[in-house]
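Presented below is the structure to which this report refers.
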Amino acid sequence: GKAGPGHREIDADGLLVAPGWVDVHTHYDGQATWDPILAPSSWHGVTTAMFGNCGVGFAPVRREDHQELIDLMEAIEEIPGTALAEGVRYDWESFPEFLDALERQPRTIDVAAQIAHNPLRVYVMGERAIRREPATAEDIATMRDLTEEAMAAGAFGFTTSRTNSHKTLTGDFVPGRYSEVEELVGIGSCLAKFDYGAFGMNSDFDDEEGELAWVADLARKTGRPVWFLIVHGARDPGRWRRLLDGIHAARETGAPVAAQVACRPVGVLLGVGATLTPFSAREAFQDLRDLPPEERLTRMRDPSVRERILKSGNSDAAMDRLSPSRVRAITMWHRMYTFGPDVDYEPSEERCVETIAARSNRTAEEVAYDYIVEGLDRFLYCPVSNYVDGNLDSTRELLLDPATLSALSDGGAHCGSVVDASMPTYLLTHWARDRSRGPRIPLETVVKAQTSETADFFCLSDRGRLAPGLRADVNVIDHAGLKIQAPRLVQDLPAGGQRLVQRVDGYAATFVAGEAVFENGEHTGALPGRLVRAGRT
């Protein structure tokens with residue numbers, strides 16, 4: 001029959017009407033158990049958020065390991081442990097019970113979950129997992145069976161981490177860092193039983209050829225996609241292209257292999273109120289490290305403290321606590337840029353602290369110090385990856401490649417140093433409208449990249465398009481007026497936990513399942529969101 005008039009009509013004349021964004025790389029595993037809003041992602045038009053990425057999550061879990069998983073999430077994804085300890089109720093043990101708990105929580109937007117390797121390994125192997133001992137054949141079989149159980153209950157796949165960037169709070173590597181290929185392939189083999197689900201990985205590719213070979217083999221044998229992260233890094237500038245070539249070679253043999261890529265630099269915000277300053281590892285900074293931000297700012301404005309910190313060397317213990325990417329972020333003066341009041345993730349050399357220092361007869365360290373002590377809303381931006389050549393040309397190439405997915409917003413994670421949940425909006429502003437330092441990307445391409453492409457990859461067949469019969473997740477956007485605001489620090493997590501958030505102007509309305517959840521940036525009070533279970537869309 002013919003559709004009748006809508007219950008409510010919105011004047012969208014001159015506005016962009018698009019499907020809701022499907023963000024497949026977030027870390028709302030904990031926040032989704034207590035927070036119905038899931039900001040900042042929901043502010044930026046995301047209507048489906050998937051978590052359980054990078055091998056970290058909260059299920060399955062035994063009671064004695066509750067704190068271990070909180071510590072892992074705090075260490076890897078930089079979510080305050082005190083907030084997780086207060087917010088995560090842990091009214092589950094198995095992964096299916098975790099999904100049931102997510103289903104009980106009222107919410108604005110839809111959520112979806114993957115089962116993560118680190119909690120799975122700890123659940124099966126206990127202390128042996130934490131000591132990174134090899135898994136036995138029995139361990140692998142149990143992990144495979146539990147992954148199959150999770151998939152049957154609605155998990156969208158399995159994820160793991162094989163990178164030195166992920167460390168525990170004590171500086172050790174995470175339980176799954178050096179898991180044998182037999183363990184990963186053994187767990188992943190259960191995907192062959194399903195017509196949905198993917199195997200995801202964050203890896204340093206210590207053995208590029210070998211890793212690409214087993215990844216392609218797993219994808220071929222299971223018939224399910226295997227994806228991993230690709231960024232353009234300074235230590236090996238050619239690696240991103242080698243990995244991309246490897247993906248294309250695998251796909252030519254029928255192996256469904258893909259990469260998740262970021263639409264802007266994977267960078268860190270440095271500031272007095274943030275997790276890191278450029279001086280966080282210095283000996284003279286250590287007695288300021290645990291102070292409240294306001295008190296730290298007052299102390300750092302003292303000329304004698306300034307002189308002492310600037311003359312101080314780095315503490316070995318403080319450096320050891322940091323991941324390699326964080327070490328680079330606080331030491332690369334030639335890649336440190338002033339940030340704000342207008343956000344600029346493709347900054348020119350004019351904003352580099354070394355360039356400013358050369359113009360002002362100061363050192364880069366002095367420029368950085370003086371800039372961040374102007375206020376708690378002052379940040380320096382250090383693009384750790386995807387900015388090797390001082391522009392985003394390689395990022396554009398990655399985004400446009402047919403073997404990649406636009407992802408890596410990390411919504412909900414890195415609360416004190418990164419706020420990339422605005423990436424969906426950045427695609428529409430920088431790439432489709434504003435970029436002046438190189439070619440842009442057509443608007444329809446960036447819309448497709450975060451709707452039908454991400455939805456189709458994970459078999460979310462009921463969304464990602466504006467079509468009759470599909471879920472009515474819709475964004476109504478003033479594209480000309482769309483503007484990402486500067487990051488700011490708030491203390492709105494449980495136990496007063498601090499995080500960076502980033503508001504946006506220009507979303508006239510966001511609908512989930514046909515209900516307006518946001519209008520002009522304000523939550524309407526509607527809570528139509530739900531848990532999405534794989535295989536049931």
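Identifiers for the structure tokens are assigned positionally: chains receive A, B, ... in sequence, residues are indexed from 1 per chain, and ligands are indexed from 1 in the order shown.
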Item checked: Nearby residues (only C-alpha atoms) at most 12 Å from A:Thr355, same-chain spacing under 4 positions excluded, as number ranges by chain -> A: 333-338, 348-351, 359-365, 367-368
Could you write out that same residue set with C-alpha atoms as a PDB file, in the first residue's frame?
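Generated file (result15.pdb):
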ATOM      1  CA  TRP A 333      58.621  19.056  19.080  1.00  0.00           C
ATOM      2  CA  HIS A 334      58.662  19.211  15.276  1.00  0.00           C
ATOM      3  CA  ARG A 335      55.226  17.524  15.254  1.00  0.00           C
ATOM      4  CA  MET A 336      53.553  19.544  18.023  1.00  0.00           C
ATOM      5  CA  TYR A 337      51.019  22.179  16.967  1.00  0.00           C
ATOM      6  CA  THR A 338      48.905  24.794  18.728  1.00  0.00           C
ATOM      7  CA  SER A 348      50.262  23.981   8.728  1.00  0.00           C
ATOM      8  CA  GLU A 349      53.860  24.439   9.852  1.00  0.00           C
ATOM      9  CA  GLU A 350      52.924  27.946  11.019  1.00  0.00           C
ATOM     10  CA  ARG A 351      51.277  26.302  14.045  1.00  0.00           C
ATOM     11  CA  ARG A 359      60.086  33.388  15.095  1.00  0.00           C
ATOM     12  CA  SER A 360      60.105  34.379  18.768  1.00  0.00           C
ATOM     13  CA  ASN A 361      63.657  33.640  19.923  1.00  0.00           C
ATOM     14  CA  ARG A 362      62.477  30.927  22.331  1.00  0.00           C
ATOM     15  CA  THR A 363      62.987  27.175  22.447  1.00  0.00           C
ATOM     16  CA  ALA A 364      60.189  24.838  21.334  1.00  0.00           C
ATOM     17  CA  GLU A 365      59.918  23.652  24.949  1.00  0.00           C
ATOM     18  CA  VAL A 367      56.725  27.858  23.478  1.00  0.00           C
ATOM     19  CA  ALA A 368      54.884  24.666  24.410  1.00  0.00           C
TER      20      ALA A 368
END
Can you list every residue of stretch 477-516 of chain A that has an atom at most 8 Å from stretch 37-43 of chain A, with its nearest atom pair and the distance in Å to one decimal, using only C-alpha atoms, ordered by chain then number, as a Markdown table?
| residue | atom | partner | partner_atom | distance |
| --- | --- | --- | --- | --- |
| A:Val501 | CA | A:Pro40 | CA | 6.1 |
| A:Gln502 | CA | A:Pro40 | CA | 6.5 |
| A:Arg503 | CA | A:Trp43 | CA | 6.8 |
| A:Val504 | CA | A:Trp43 | CA | 7.0 |
Next item on the list: Determine the nearest neighbour of A:Gln31 from the options A:Gly210, A:Gly57, A:Gly529, A:Pro402, counting only C-alpha atoms.
Entry: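 The answer is A:Gly57, which sits nearest to A:Gln31.
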Notebook entry, point to check: Can you list, as number ranges by chain, every protein, DNA or RNA residue that comes within 8 Å of stretch 153-161 of chain A when you count only C-alpha atoms, leaving out same-chain residues fewer than 4 positions away?
Noted result: A: 52-56, 96, 99, 112-118, 147, 149, 166, 176-177, 188, 191, 196-203, 458, 532-536
List every residue of stretch 185-224 of chain A that has an atom at most 7 Å from any atom of stretch 244-258 of chain A, giving for each one its closest atom pair and the distance in Å to one decimal, counting only C-alpha atoms, sorted by chain and then by ascending residue number, as a tab-separated table.
residue	atom	partner	partner_atom	distance
A:Leu212	CA	A:Gly246	CA	6.7
A:Ala216	CA	A:Ala255	CA	5.5
A:Ala219	CA	A:Ala255	CA	5.2
A:Arg220	CA	A:Ala255	CA	4.6
A:Arg224	CA	A:Pro256	CA	6.6
Check: Closest to A:Gly87 among A:Leu493, A:Val517, A:Met300, A:Met151, using only C-alpha atoms?
Finding: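 Of all the options, A:Leu493 lies closest to A:Gly87.
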Next item on the list: List every residue of stretch 294-502 of chain A that DSSP, applied to the backbone, labels as strand (DSSP E or B), and write the result as a PyMOL selection string.
Entry: chain A and resi 314+337-339+352+379-385+404-406+411+474-477+483-484+488-493+497-501
Based on the selection just made, write N, CA, C and O atoms of those residues as a tab-separated table (two decimals), in the first residue's frame.
chain	number	residue	atom	x	y	z
A	314	ASN	N	64.10	13.61	31.59
A	314	ASN	CA	63.01	12.64	31.68
A	314	ASN	C	63.33	11.56	32.70
A	314	ASN	O	64.48	11.11	32.82
A	337	TYR	N	51.67	21.00	17.54
A	337	TYR	CA	51.02	22.18	16.97
A	337	TYR	C	50.05	22.81	17.96
A	337	TYR	O	49.40	22.11	18.74
A	338	THR	N	49.94	24.13	17.93
A	338	THR	CA	48.91	24.79	18.73
A	338	THR	C	47.55	24.39	18.18
A	338	THR	O	47.38	24.18	16.98
A	339	PHE	N	46.56	24.29	19.08
A	339	PHE	CA	45.27	23.72	18.71
A	339	PHE	C	44.16	24.59	19.28
A	339	PHE	O	44.02	24.73	20.48
A	352	CYS	N	53.32	24.97	14.21
A	352	CYS	CA	54.27	24.07	14.89
A	352	CYS	C	55.06	24.85	15.94
A	352	CYS	O	55.50	25.98	15.69
A	379	PHE	N	45.28	23.36	24.41
A	379	PHE	CA	45.86	22.08	24.06
A	379	PHE	C	46.85	22.23	22.92
A	379	PHE	O	46.66	23.03	22.01
A	380	LEU	N	47.89	21.43	22.99
A	380	LEU	CA	48.78	21.21	21.85
A	380	LEU	C	48.36	19.91	21.19
A	380	LEU	O	47.92	18.97	21.87
A	381	TYR	N	48.49	19.86	19.88
A	381	TYR	CA	48.07	18.67	19.14
A	381	TYR	C	49.30	18.00	18.54
A	381	TYR	O	50.09	18.65	17.84
A	382	CYS	N	49.47	16.71	18.85
A	382	CYS	CA	50.58	15.96	18.29
A	382	CYS	C	50.04	14.80	17.47
A	382	CYS	O	49.60	13.79	18.01
A	383	PRO	N	50.03	14.93	16.13
A	383	PRO	CA	49.58	13.84	15.28
A	383	PRO	C	50.65	12.75	15.22
A	383	PRO	O	51.68	12.91	14.58
A	384	VAL	N	50.41	11.63	15.92
A	384	VAL	CA	51.42	10.57	16.03
A	384	VAL	C	51.50	9.78	14.73
A	384	VAL	O	52.59	9.43	14.27
A	385	SER	N	50.36	9.49	14.12
A	385	SER	CA	50.32	8.73	12.87
A	385	SER	C	49.46	9.47	11.85
A	385	SER	O	48.71	10.37	12.19
A	404	THR	N	39.16	-0.73	2.33
A	404	THR	CA	39.22	-0.14	3.67
A	404	THR	C	37.84	0.28	4.17
A	404	THR	O	36.92	0.49	3.40
A	405	LEU	N	37.75	0.37	5.50
A	405	LEU	CA	36.55	0.88	6.18
A	405	LEU	C	36.94	2.12	6.96
A	405	LEU	O	37.96	2.13	7.66
A	406	SER	N	36.14	3.17	6.89
A	406	SER	CA	36.36	4.35	7.71
A	406	SER	C	35.92	4.03	9.13
A	406	SER	O	34.76	3.70	9.38
A	411	GLY	N	35.35	6.13	20.05
A	411	GLY	CA	34.38	6.78	20.92
A	411	GLY	C	34.35	6.13	22.30
A	411	GLY	O	34.30	4.92	22.42
A	474	VAL	N	18.13	8.36	10.93
A	474	VAL	CA	18.29	9.45	9.97
A	474	VAL	C	18.97	10.65	10.63
A	474	VAL	O	18.68	10.99	11.78
A	475	ASN	N	19.88	11.28	9.87
A	475	ASN	CA	20.46	12.57	10.27
A	475	ASN	C	19.94	13.67	9.35
A	475	ASN	O	19.94	13.49	8.12
A	476	VAL	N	19.52	14.77	9.92
A	476	VAL	CA	19.13	15.96	9.17
A	476	VAL	C	20.14	17.04	9.53
A	476	VAL	O	20.24	17.44	10.70
A	477	ILE	N	20.92	17.50	8.53
A	477	ILE	CA	22.13	18.27	8.81
A	477	ILE	C	22.17	19.57	8.01
A	477	ILE	O	21.90	19.57	6.80
A	483	LYS	N	29.79	22.55	12.23
A	483	LYS	CA	31.05	23.01	12.83
A	483	LYS	C	31.37	22.21	14.09
A	483	LYS	O	30.57	22.15	15.02
A	484	ILE	N	32.57	21.59	14.09
A	484	ILE	CA	33.05	20.88	15.27
A	484	ILE	C	33.62	21.90	16.25
A	484	ILE	O	34.45	22.74	15.89
A	488	ARG	N	36.76	20.18	25.19
A	488	ARG	CA	36.80	20.73	26.54
A	488	ARG	C	36.76	19.59	27.55
A	488	ARG	O	36.27	18.49	27.26
A	489	LEU	N	37.28	19.87	28.73
A	489	LEU	CA	37.33	18.87	29.79
A	489	LEU	C	36.10	18.97	30.66
A	489	LEU	O	35.69	20.07	31.06
A	490	VAL	N	35.49	17.83	30.95
A	490	VAL	CA	34.35	17.79	31.87
A	490	VAL	C	34.59	16.66	32.87
A	490	VAL	O	35.36	15.73	32.62
A	491	GLN	N	33.94	16.77	34.02
A	491	GLN	CA	34.03	15.72	35.04
A	491	GLN	C	32.65	15.11	35.21
A	491	GLN	O	31.97	15.34	36.21
A	492	ASP	N	32.19	14.34	34.22
A	492	ASP	CA	30.83	13.82	34.26
A	492	ASP	C	30.76	12.30	34.26
A	492	ASP	O	29.68	11.73	34.11
A	493	LEU	N	31.90	11.64	34.41
A	493	LEU	CA	31.88	10.18	34.51
A	493	LEU	C	31.59	9.77	35.95
A	493	LEU	O	31.72	10.59	36.87
A	497	GLY	N	34.85	11.12	37.35
A	497	GLY	CA	35.89	10.89	36.35
A	497	GLY	C	35.88	11.94	35.26
A	497	GLY	O	34.82	12.43	34.84
A	498	GLN	N	37.09	12.29	34.80
A	498	GLN	CA	37.26	13.36	33.82
A	498	GLN	C	37.38	12.80	32.41
A	498	GLN	O	37.93	11.73	32.20
A	499	ARG	N	36.86	13.55	31.45
A	499	ARG	CA	37.04	13.18	30.05
A	499	ARG	C	36.98	14.43	29.17
A	499	ARG	O	36.47	15.47	29.58
A	500	LEU	N	37.51	14.29	27.96
A	500	LEU	CA	37.39	15.31	26.95
A	500	LEU	C	36.12	15.06	26.15
A	500	LEU	O	35.82	13.91	25.80
A	501	VAL	N	35.38	16.12	25.87
A	501	VAL	CA	34.22	16.00	24.98
A	501	VAL	C	34.33	17.06	23.89
A	501	VAL	O	35.10	18.01	24.00
Note to self: So, with only C-alpha atoms as the atoms that count, which of A:Glu354, A:Glu93, A:Glu453, A:Asp370 lies closest to A:Glu307?
What the structure shows: A:Asp370
Notebook entry, point to check: What is the atom CA of A:Gln450-atom CA of A:Arg530 distance in Å, reported with one decimal?
Noted result: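 Atom CA of A:Arg530 lies at a distance of 19.5 Å from atom CA of A:Gln450.
Atom CA of A:Ile130 to atom CA of A:Met73 spans 14.0 Å [interatomic distance, one decimal].
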Checklist line | Spatial neighbours of A:Arg301, max dist 9 Å, only C-alpha atoms, sep filter under 5 positions, as a list in words | finding: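 The neighbour list is Arg296, Arg306, Asp370, Val373 and Glu374 of chain A.
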Check: Among stretch 229-296 of chain A, which ones does DSSP place in helix (DSSP H, G or I), written as a PyMOL selection string?
Finding: chain A and resi 239-252+283-288+293-296
Restricted to N, CA, C and O atoms, what would the selected residues look like written as a compact mmCIF listing (two decimals), in the first residue's frame?
# COMPACT_ATOMS: atom_id res chain seq x y z
N ARG A 239 55.15 1.26 5.31
CA ARG A 239 54.43 0.07 5.76
C ARG A 239 52.96 0.11 5.36
O ARG A 239 52.39 -0.92 4.97
N TRP A 240 52.33 1.28 5.44
CA TRP A 240 50.89 1.33 5.15
C TRP A 240 50.61 0.84 3.73
O TRP A 240 49.64 0.13 3.50
N ARG A 241 51.51 1.20 2.80
CA ARG A 241 51.28 0.78 1.42
C ARG A 241 51.57 -0.71 1.25
O ARG A 241 50.86 -1.41 0.51
N ARG A 242 52.59 -1.23 1.93
CA ARG A 242 52.87 -2.67 1.85
C ARG A 242 51.68 -3.48 2.38
O ARG A 242 51.29 -4.49 1.79
N LEU A 243 51.12 -3.03 3.52
CA LEU A 243 49.98 -3.75 4.09
C LEU A 243 48.77 -3.67 3.17
O LEU A 243 48.04 -4.65 3.00
N LEU A 244 48.56 -2.51 2.59
CA LEU A 244 47.43 -2.35 1.67
C LEU A 244 47.61 -3.25 0.44
O LEU A 244 46.67 -3.90 -0.01
N ASP A 245 48.85 -3.31 -0.07
CA ASP A 245 49.14 -4.21 -1.20
C ASP A 245 48.89 -5.66 -0.79
O ASP A 245 48.37 -6.47 -1.58
N GLY A 246 49.27 -6.00 0.45
CA GLY A 246 49.04 -7.36 0.95
C GLY A 246 47.56 -7.69 1.02
O GLY A 246 47.15 -8.83 0.72
N ILE A 247 46.76 -6.72 1.42
CA ILE A 247 45.30 -6.93 1.46
C ILE A 247 44.76 -7.18 0.06
O ILE A 247 43.97 -8.10 -0.17
N HIS A 248 45.21 -6.37 -0.90
CA HIS A 248 44.72 -6.55 -2.27
C HIS A 248 45.14 -7.91 -2.83
O HIS A 248 44.35 -8.57 -3.52
N ALA A 249 46.36 -8.34 -2.51
CA ALA A 249 46.82 -9.65 -2.96
C ALA A 249 45.96 -10.76 -2.36
O ALA A 249 45.59 -11.72 -3.04
N ALA A 250 45.62 -10.62 -1.07
CA ALA A 250 44.78 -11.61 -0.41
C ALA A 250 43.38 -11.65 -1.03
O ALA A 250 42.81 -12.72 -1.27
N ARG A 251 42.84 -10.48 -1.31
CA ARG A 251 41.49 -10.41 -1.88
C ARG A 251 41.44 -11.05 -3.27
O ARG A 251 40.41 -11.62 -3.66
N GLU A 252 42.54 -10.95 -3.99
CA GLU A 252 42.59 -11.57 -5.32
C GLU A 252 42.54 -13.09 -5.25
O GLU A 252 42.19 -13.75 -6.22
N GLU A 283 61.48 14.58 35.44
CA GLU A 283 61.64 14.34 36.88
C GLU A 283 60.92 15.42 37.69
O GLU A 283 60.22 15.13 38.66
N ALA A 284 61.08 16.69 37.29
CA ALA A 284 60.52 17.79 38.07
C ALA A 284 59.00 17.87 37.97
O ALA A 284 58.38 18.61 38.74
N PHE A 285 58.41 17.12 37.05
CA PHE A 285 56.95 17.15 36.90
C PHE A 285 56.27 16.12 37.78
O PHE A 285 55.06 16.21 38.02
N GLN A 286 57.02 15.14 38.27
CA GLN A 286 56.39 13.98 38.92
C GLN A 286 55.59 14.34 40.16
O GLN A 286 54.58 13.70 40.45
N ASP A 287 55.99 15.38 40.91
CA ASP A 287 55.21 15.74 42.09
C ASP A 287 53.95 16.55 41.74
O ASP A 287 53.14 16.86 42.61
N LEU A 288 53.78 16.89 40.44
CA LEU A 288 52.57 17.57 39.99
C LEU A 288 51.59 16.60 39.33
O LEU A 288 50.43 16.95 39.10
N PRO A 293 43.64 19.26 38.27
CA PRO A 293 44.08 20.13 37.18
C PRO A 293 44.25 21.59 37.55
O PRO A 293 45.24 22.23 37.16
N GLU A 294 43.32 22.14 38.33
CA GLU A 294 43.41 23.57 38.68
C GLU A 294 44.66 23.85 39.50
O GLU A 294 45.35 24.85 39.29
N GLU A 295 44.96 22.95 40.44
CA GLU A 295 46.14 23.14 41.28
C GLU A 295 47.42 22.96 40.45
O GLU A 295 48.41 23.69 40.64
N ARG A 296 47.41 21.98 39.55
CA ARG A 296 48.57 21.79 38.69
C ARG A 296 48.83 23.03 37.84
O ARG A 296 49.98 23.47 37.67
Show me, as a compact mmCIF listing (two decimals) with N, CA, C and O atoms, in the first residue's frame, the residues that have an atom within 9 Å of A:Met50 when counting only C-alpha atoms, minus same-chain residues fewer than 6 positions from it.
# COMPACT_ATOMS: atom_id res chain seq x y z
N VAL A 22 26.97 4.64 11.20
CA VAL A 22 27.24 3.34 11.82
C VAL A 22 28.72 3.31 12.15
O VAL A 22 29.57 3.12 11.28
N ASP A 23 29.06 3.55 13.41
CA ASP A 23 30.45 3.66 13.87
C ASP A 23 30.89 2.30 14.42
O ASP A 23 30.43 1.89 15.49
N VAL A 24 31.78 1.63 13.70
CA VAL A 24 32.12 0.24 14.05
C VAL A 24 33.38 0.12 14.89
O VAL A 24 33.83 -0.99 15.15
N HIS A 25 33.96 1.25 15.34
CA HIS A 25 35.15 1.13 16.18
C HIS A 25 35.07 2.10 17.36
O HIS A 25 35.66 3.18 17.36
N THR A 26 34.32 1.70 18.38
CA THR A 26 34.23 2.48 19.62
C THR A 26 34.64 1.60 20.80
O THR A 26 34.86 0.39 20.66
N HIS A 27 34.71 2.25 21.96
CA HIS A 27 35.07 1.53 23.20
C HIS A 27 34.09 1.89 24.32
O HIS A 27 34.50 2.20 25.44
N TYR A 28 32.81 1.82 24.01
CA TYR A 28 31.79 2.13 25.00
C TYR A 28 31.41 0.90 25.83
O TYR A 28 30.33 0.86 26.44
N ASP A 29 32.28 -0.11 25.89
CA ASP A 29 31.97 -1.37 26.58
C ASP A 29 31.48 -1.12 28.01
O ASP A 29 30.53 -1.77 28.47
N ASP A 110 21.52 2.73 19.10
CA ASP A 110 21.75 1.28 19.11
C ASP A 110 23.21 0.96 19.41
O ASP A 110 24.12 1.72 19.03
N VAL A 111 23.44 -0.16 20.07
CA VAL A 111 24.80 -0.63 20.34
C VAL A 111 24.94 -2.06 19.85
O VAL A 111 23.96 -2.81 19.76
N ALA A 112 26.18 -2.43 19.56
CA ALA A 112 26.51 -3.78 19.11
C ALA A 112 27.86 -4.14 19.71
O ALA A 112 28.70 -3.27 19.93
N ALA A 113 28.08 -5.42 19.97
CA ALA A 113 29.29 -5.84 20.69
C ALA A 113 30.02 -6.96 19.98
O ALA A 113 29.41 -7.79 19.30
N GLN A 114 31.35 -6.96 20.15
CA GLN A 114 32.21 -8.06 19.71
C GLN A 114 32.84 -8.67 20.97
O GLN A 114 32.99 -7.99 21.99
N PHE A 156 29.22 -9.66 17.17
CA PHE A 156 29.50 -9.37 15.76
C PHE A 156 30.90 -9.80 15.33
O PHE A 156 31.34 -9.48 14.24
Next item on the list: To one decimal in Å, tell me the separation between atom CA of A:Asn386 and atom CA of A:Gly416.
Entry: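 Computing the Euclidean distance for atom CA of A:Asn386 and atom CA of A:Gly416 yields 20.6 Å.
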Margin query: So, with only C-alpha atoms as the atoms that count, which of A:Gly267, A:Gly45, A:Pro36, A:Pro439 lies closest to A:Gln105?
Written below: A:Pro36
Using only C-alpha atoms, determine which residues lie at most 12 Å from A:Val61, disregarding the query and same-chain residues fewer than 3 positions distant; provide the list as a short mmCIF file (atom, residue, chain, number, x, y, z; two decimals) with N, CA and C atoms, in the first residue's frame.
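Final output, around22.cif:
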data_model
loop_
_atom_site.label_atom_id
_atom_site.label_comp_id
_atom_site.auth_asym_id
_atom_site.auth_seq_id
_atom_site.Cartn_x
_atom_site.Cartn_y
_atom_site.Cartn_z
N VAL A 56 39.88 -5.67 23.97
CA VAL A 56 39.53 -5.34 25.36
C VAL A 56 38.02 -5.26 25.51
N GLY A 57 37.54 -5.69 26.67
CA GLY A 57 36.12 -5.69 26.97
C GLY A 57 35.89 -6.19 28.38
N PHE A 58 34.65 -6.49 28.71
CA PHE A 58 34.30 -6.84 30.08
C PHE A 58 33.59 -8.20 30.20
N GLU A 64 36.63 -12.74 40.54
CA GLU A 64 37.97 -12.37 41.02
C GLU A 64 38.77 -11.57 40.00
N ASP A 65 38.27 -11.52 38.76
CA ASP A 65 39.00 -10.79 37.71
C ASP A 65 38.36 -9.45 37.33
N HIS A 66 37.33 -9.03 38.08
CA HIS A 66 36.66 -7.77 37.77
C HIS A 66 37.66 -6.62 37.67
N GLN A 67 38.50 -6.48 38.68
CA GLN A 67 39.43 -5.35 38.71
C GLN A 67 40.50 -5.48 37.64
N GLU A 68 40.89 -6.70 37.33
CA GLU A 68 41.90 -6.93 36.29
C GLU A 68 41.43 -6.35 34.94
N LEU A 69 40.16 -6.58 34.61
CA LEU A 69 39.64 -6.08 33.33
C LEU A 69 39.47 -4.56 33.36
N ILE A 70 39.10 -4.01 34.51
CA ILE A 70 39.03 -2.55 34.64
C ILE A 70 40.42 -1.95 34.45
N TYR A 90 28.79 -5.18 36.63
CA TYR A 90 29.19 -6.59 36.53
C TYR A 90 28.07 -7.54 36.95
N ASP A 91 26.87 -7.31 36.44
CA ASP A 91 25.80 -8.26 36.73
C ASP A 91 25.74 -9.32 35.62
N TRP A 92 26.93 -9.84 35.30
CA TRP A 92 27.06 -10.90 34.30
C TRP A 92 28.35 -11.65 34.55
N GLU A 93 28.46 -12.83 33.97
CA GLU A 93 29.73 -13.57 33.92
C GLU A 93 30.02 -13.94 32.47
N SER A 94 29.10 -14.61 31.82
CA SER A 94 29.33 -15.04 30.45
C SER A 94 29.10 -13.89 29.47
N PHE A 95 29.53 -14.08 28.23
CA PHE A 95 29.28 -13.05 27.22
C PHE A 95 27.79 -12.93 26.90
N PRO A 96 27.06 -14.05 26.74
CA PRO A 96 25.61 -13.90 26.53
C PRO A 96 24.93 -13.13 27.66
N GLU A 97 25.38 -13.33 28.90
CA GLU A 97 24.80 -12.57 30.02
C GLU A 97 25.15 -11.08 29.91
N PHE A 98 26.35 -10.77 29.40
CA PHE A 98 26.73 -9.37 29.16
C PHE A 98 25.79 -8.73 28.14
N ILE A 115 33.21 -9.93 20.90
CA ILE A 115 33.90 -10.56 22.04
C ILE A 115 35.40 -10.30 21.90
N ALA A 116 36.01 -9.90 23.00
CA ALA A 116 37.41 -9.47 22.99
C ALA A 116 38.33 -10.53 23.58
N HIS A 117 39.54 -10.60 23.01
CA HIS A 117 40.48 -11.67 23.34
C HIS A 117 40.99 -11.59 24.79
N ASN A 118 41.35 -10.40 25.27
CA ASN A 118 41.98 -10.33 26.59
C ASN A 118 41.09 -10.82 27.72
N PRO A 119 39.83 -10.37 27.83
CA PRO A 119 38.98 -10.94 28.88
C PRO A 119 38.73 -12.43 28.68
N LEU A 120 38.60 -12.86 27.43
CA LEU A 120 38.38 -14.28 27.15
C LEU A 120 39.56 -15.11 27.63
N ARG A 121 40.76 -14.63 27.36
CA ARG A 121 41.98 -15.36 27.74
C ARG A 121 42.12 -15.43 29.27
N VAL A 122 41.85 -14.31 29.92
CA VAL A 122 41.93 -14.29 31.39
C VAL A 122 40.87 -15.21 31.99
N TYR A 123 39.69 -15.24 31.39
CA TYR A 123 38.60 -16.08 31.90
C TYR A 123 38.98 -17.55 31.82
N VAL A 124 39.62 -17.94 30.73
CA VAL A 124 39.95 -19.36 30.52
C VAL A 124 41.25 -19.75 31.22
N MET A 125 42.25 -18.86 31.21
CA MET A 125 43.59 -19.23 31.66
C MET A 125 44.01 -18.60 32.99
N GLY A 126 43.24 -17.63 33.50
CA GLY A 126 43.57 -17.03 34.78
C GLY A 126 44.93 -16.37 34.78
N LEU A 146 33.71 -20.75 23.65
CA LEU A 146 33.09 -19.56 24.26
C LEU A 146 32.85 -18.47 23.21
#
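Minimum atom-to-atom distances from A:Ser189, A:Thr142, A:Thr136, A:Gln485 to A:Asp217 were compared using only C-alpha atoms, and the lowest value belongs to A:Ser189.
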Notebook entry, point to check: Between A:Ala357, A:Ala407, A:Ile109, A:Leu466, which has the minimum distance to A:Ala526 (counting only C-alpha atoms)?
Noted result: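 Selected residue with least distance to A:Ala526: A:Ile109.
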